[in-house]
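**Q** Shown below is the structure under consideration.
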Amino acid sequence: MQRKPRFKLSLTWVFALSFTALTVISLGTVLVVLHTGARANTLALLADRVNFTLSSVETQISGHFDAVEEQLTYVTDAIASGHINIEDTIVFREFIFGALAATPQVTGIACIRDGLKVDLFRRQDYSYRRDDWSNVATAHELLAWSRDADYMDWGQPLFSPVLHQPVLTLRVPIRTRQGLQGVLAAGVTMSDVSIYLAKLSAEIGQTVFILHGRQHVLAHPNLVGPQAGLSEDKPLPRIDEIGDPVLAHMWSAIMDENMNLNLADLGVRLNGQGHIIAVDGQTYSVLYREVFGYGPNVWIIGTIFRGQLAQTEMRRLIGSSAISFFILLVAAGASLGIGHLVGRPVLRLARAADQIQHRDLTDVEPLPPSTVREFHTAATAFNEMVRGLSDRQRLRDLFGRYVSPQVAEHVLTVSGSALMAGDRREISLLFSDIADFTTVSEAHAPERVVPLLNAYMEKVCRIVAAHDGIVVDFVGDAVFAVFGAPVPQADHADRALAAAQEVDGFGQHFALSAQGSGVPFGITRLGVHTGIAMVGNFGAQERLKYGAAGDAVNTAARMEGANRLFGTRCMVSRRTVELVNGGCFRPLARLLLRGRSEPIDVFEPLPEAAAKTSWLDRYREAYADLDTAPDRARITFAALVAERPHDRVVGFHNGRLRDGIASSLVRSTEK
């Protein structure tokens with residue numbers, strides 16, 4: 001006979017007493033480890049904090065000014081290559097205004113040529129005028145500099161009387177095959193940088209600034225908006241003129257060495273310099289680093305802390321340690337009550353199992369994790385079971401029958417919340433439509449048209465799935481498919497293009513077969529575009545559908561309809577062409593779609609064999625001449641029409657040239 005235990009403790013008391021004992025025993029160890037390692041860790045974190053703040057500002061500067069350098073490089077390269085003729089006032093003006101639109105930090109661009117004739121482009125009202133700067137000394141200096149310079153260069157800050165704030169000027173020579181044509185100068189304001197510093201200073205609770213040299217201020221939270229007291233002779237305020245008494249004494253109120261900030265305490269991880277200053281009886285820590293590359297003067301990025309940085313943080317550490325000790329004591333006492341909660345996971349599990357029997361899977365709430373291993377294991381297994389059942393139900397509801405095994409596997413393994421939450425990413429989109437299908441459907445009986453359309457859709461969906469895309473919508477005879485979502489695909493552009501070409505070939509054969517049976521089934525028109533879109537579930541709570549939304553979707557849909565303009569069956573955007581691996585394409589136009597302010601370059605995919613033909617080379621040359629040499633383009637397109645009378649794209653451009661339209665820009669009114 002087994003001996004019965006004298007004392008019987010409930011699981012609640014076993015858990016509570018064990019936790020309390022472990023808390024008390026571990027308390028001393030925790031405090032020892034805390035105080036031995038906390039100082040080094042705190043100082044390392046302080047160094048990281050300072051480095052992160054200064055690096056964030058440095059990154060903001062790079063993003064602000066490097067974008068201007070890249071844009072001016074793009075402009076001068078386009079002029080040097082002959083794609084943009086600066087003598088063509090209209091084209092040159094539109095090109096420069098496009099550059100201004102792409103770089104909002106640029107307030108204006110000046111093009112100074114020989115003879116000191118200057119084209120001025122302003123962002124504020126997108127105005128243009130031509131001036132004579134023969135009496136402007138700065139213009140003479142810029143032209144003299146450009147004769148020997150083969151690089152772009154940032155000049156000294158200048159004051160803009162129009163903007164009432166300082167601007168920095170980026171200058172770059174303009175050269176073509178004929179030699180030096182002049183110099184291009186772009187003015188960049190610092191107001192956006194000051195706005196960024198004001199926001200950053202408010203978030204981290206310390207002032208961040210940028211100096212030009214040691215005595216003048218480029219950007220500061222107090223410099224948001226127009227500045228008073230500045231002029232052409234005084235483009236930047238001094239450090240004592242912006243209402244920041246600490247910055248005003250940055251170099252003049254340094255404390256004695258024995259009271260100074262010990263940078264060695266922060267370790268070698270600190271990337272910068274620093275010292276302590278005293279202003280009105282209060283000490284401040286100033287840390288900064290130098291930045292080069294934006295003009296002849298060094299820039300100083302800095303931040304100001306109230307108090308001595310290391311001492312302040314160490315005091316915080318001591319306070320945190322005391323709070324931690326108190327929290328641990330409270331936890332030890334609270335453990336007596338925690339034991340009563342041990343039984344709650346069992347009750348939750350029973351209730352959830354009952355929900356599965358009587359309610360929809362979507363209403364079953366997941367069981368929360370438990371600190372008790374057995375309960376946690378049971379909850380995890382139960383949640384995985386419910387997730388598996390609901391994922392399979394969701395897969396059927398969202399994607400229907402035509403989903404590739406790879407896509408299905410991803411949806412089954414990804415978490416439900418991640419799939420439902422949506423994402424913003426670059427994807428490739430395919431739109432297809434049957435030409436004149438509405439006319440066909442109205443002219444023939446439904447029992448003849450519907451089976452044909454179903455057979456057509458069946459094959460199109462299978463083609464999309466074979467290339468790991470998903471069909472997310474049908475609108476009548478139109479098909480909308482996406483590639484790169486929900487499963488990320490590095491080669492989504494290749495897959496979309498391959499699917500489009502296969503659908504194109506199938507559509508031609510299907511149309512011929514249907515026409516042979518007496519139904520004038522039209523050809524399939526396709527649009528393929530790659531861009532940033534929102535992907536996820538859209539709709540009402542009771543009726544959700546996986547899909548994509550955004551400007552990229554509208555662009556792809558309108559590209560499909562724009563095939564009517566050129567007589568093409570498939571149209572591809574430049575971004576897709578850039579991403580695909582190989583392929584043969586010919587440019588169609590700079591297409592300005594309805595509802596867009598900027599045109600996009602569109603192309604027609606051709607068979608690989610076309611790459612070796614001479615007519616394609618002549619077509620590309622003629623297309624390039626549309627904007628630069630219309631007379632030569634007119635001759636080449638006329639010859640191509642005679643050689644390729646059935647090429648509707650050649651006929652399209654030849655007809656426009658006959659009508660006096662010499663441009664690669666084509667407007668589309670397709671919805």
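Just so we're on the same page: first chain in the structure tokens is A, next is B, and so on; residues restart at 1 for each chain, and ligands are numbered from 1 in the order they show up.
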Among the residues of region 520-586 of chain A, find those DSSP assigns to alpha helix (DSSP H) from the backbone and print them as JSON, numbers by chain.
**A** {"A": [551, 552, 553, 554, 555, 556, 557, 558, 559, 560, 561, 562, 563, 564, 565, 566, 574, 575, 576, 577, 578, 579]}
**Q** Write out, as a tab-separated table (two decimals), in the first residue's frame, the residues just selected, with C-alpha atoms.
**A**
```tsv
chain	number	residue	atom	x	y	z
A	551	ASP	CA	-1.75	54.11	-60.05
A	552	ALA	CA	0.17	51.15	-61.46
A	553	VAL	CA	-3.10	49.22	-61.90
A	554	ASN	CA	-4.77	52.12	-63.73
A	555	THR	CA	-1.70	52.52	-65.93
A	556	ALA	CA	-1.67	48.85	-66.96
A	557	ALA	CA	-5.40	48.89	-67.74
A	558	ARG	CA	-5.14	52.00	-69.91
A	559	MET	CA	-2.07	50.65	-71.69
A	560	GLU	CA	-4.15	47.66	-72.81
A	561	GLY	CA	-6.74	50.00	-74.35
A	562	ALA	CA	-4.05	52.20	-75.93
A	563	ASN	CA	-3.15	49.32	-78.27
A	564	ARG	CA	-5.98	50.63	-80.46
A	565	LEU	CA	-3.92	53.73	-81.30
A	566	PHE	CA	-1.00	51.81	-82.74
A	574	ARG	CA	9.66	50.78	-69.76
A	575	ARG	CA	9.92	49.53	-66.16
A	576	THR	CA	8.95	46.04	-67.30
A	577	VAL	CA	11.47	46.16	-70.17
A	578	GLU	CA	14.18	47.23	-67.73
A	579	LEU	CA	13.52	44.25	-65.46
```
**Q** Apply DSSP to the backbone of this structure and, from region 145-201 of chain A, keep only the residues in strand (DSSP E or B); write these as an MDAnalysis selection string.
**A** chainID A and resid 153:154 158:160 165:176 179:189
**Q** Do a neighbour search on Ile96 (chain A) at 8 Å with only C-alpha atoms, toss out local chain neighbours closer than 5 positions, and write the hits as a list of chain:residue names.
**A**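 Within the cut-off, the hits are A:Val75, A:Ile109, A:Phe121.
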**Q** Write out as a list in words each polymer residue whose atoms come within 10 Å of Asp119 (chain A), counting only C-alpha atoms; drop sequence neighbours fewer than 3 positions from it.
**A**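 After dropping sequence-adjacent residues, the list is Thr89, Arg93, Ile109, Ala110, Cys111, Ile112, Arg113, Leu116, Tyr128, Arg129, Arg130, Asp131, Asp132 and Leu184 of chain A.
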**Q** Pick from A:Pro587, A:Pro245, A:Pro104, A:Gly522: nearest to Thr207 (chain A), with only C-alpha atoms counted?
**A**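 Looking at the shortest contact to Thr207 (chain A), the residue is A:Pro245.
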**Q** Leaving out Asp150 (chain A) and any residue of its chain fewer than 4 positions from it, which residues lie within 8 Å of it when counting only C-alpha atoms, given as a ChimeraX atom specification?
**A** /A:146,172-173
**Q** Could those selected residues go to a file with all heavy atoms, as a short mmCIF file (atom, residue, chain, number, x, y, z; two decimals), in the first residue's frame?
**A**
```
data_model
loop_
_atom_site.label_atom_id
_atom_site.label_comp_id
_atom_site.auth_asym_id
_atom_site.auth_seq_id
_atom_site.Cartn_x
_atom_site.Cartn_y
_atom_site.Cartn_z
N SER A 146 33.39 77.47 -66.25
CA SER A 146 32.98 76.31 -67.05
C SER A 146 33.95 75.99 -68.18
O SER A 146 33.98 74.87 -68.67
CB SER A 146 31.58 76.56 -67.63
OG SER A 146 31.60 77.61 -68.58
N VAL A 172 27.23 73.22 -63.30
CA VAL A 172 27.80 72.15 -64.11
C VAL A 172 27.91 72.65 -65.55
O VAL A 172 26.99 73.27 -66.08
CB VAL A 172 26.94 70.87 -64.03
CG1 VAL A 172 25.51 71.13 -64.43
CG2 VAL A 172 27.53 69.77 -64.87
N PRO A 173 29.04 72.40 -66.23
CA PRO A 173 29.19 72.83 -67.62
C PRO A 173 28.27 72.04 -68.54
O PRO A 173 27.96 70.88 -68.30
CB PRO A 173 30.67 72.55 -67.93
CG PRO A 173 31.33 72.32 -66.61
CD PRO A 173 30.28 71.80 -65.70
#
```
**Q** Rounded to one decimal place, report the CA of Cys461 (chain A)-CA of Gly583 (chain A) distance in Å.
**A**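 Pair CA of Cys461 (chain A) / CA of Gly583 (chain A) returns 23.4 Å.
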**Q** Pick out the residues sitting within 9 Å of region 495-506 of chain A, and hand them over as a ChimeraX atom specification; count only C-alpha atoms, and ignore anything fewer than 2 positions along from it in its own chain.
**A** /A:428-432,456,459-460,463-469,481-484,491-493,508-511,523-529,569-570,572,576-577,580,605
**Q** Excluding Ile304 (chain A) and any residue of its chain fewer than 6 positions from it, enumerate the residues within 9 Å of it, using only C-alpha atoms, and give them as a ChimeraX atom specification.
**A** /A:206-209,246-247,284-288
**Q** Tell me, in Å to one decimal, how far CA of Leu142 (chain A) is from CA of Leu180 (chain A).
**A** 12.6 Å
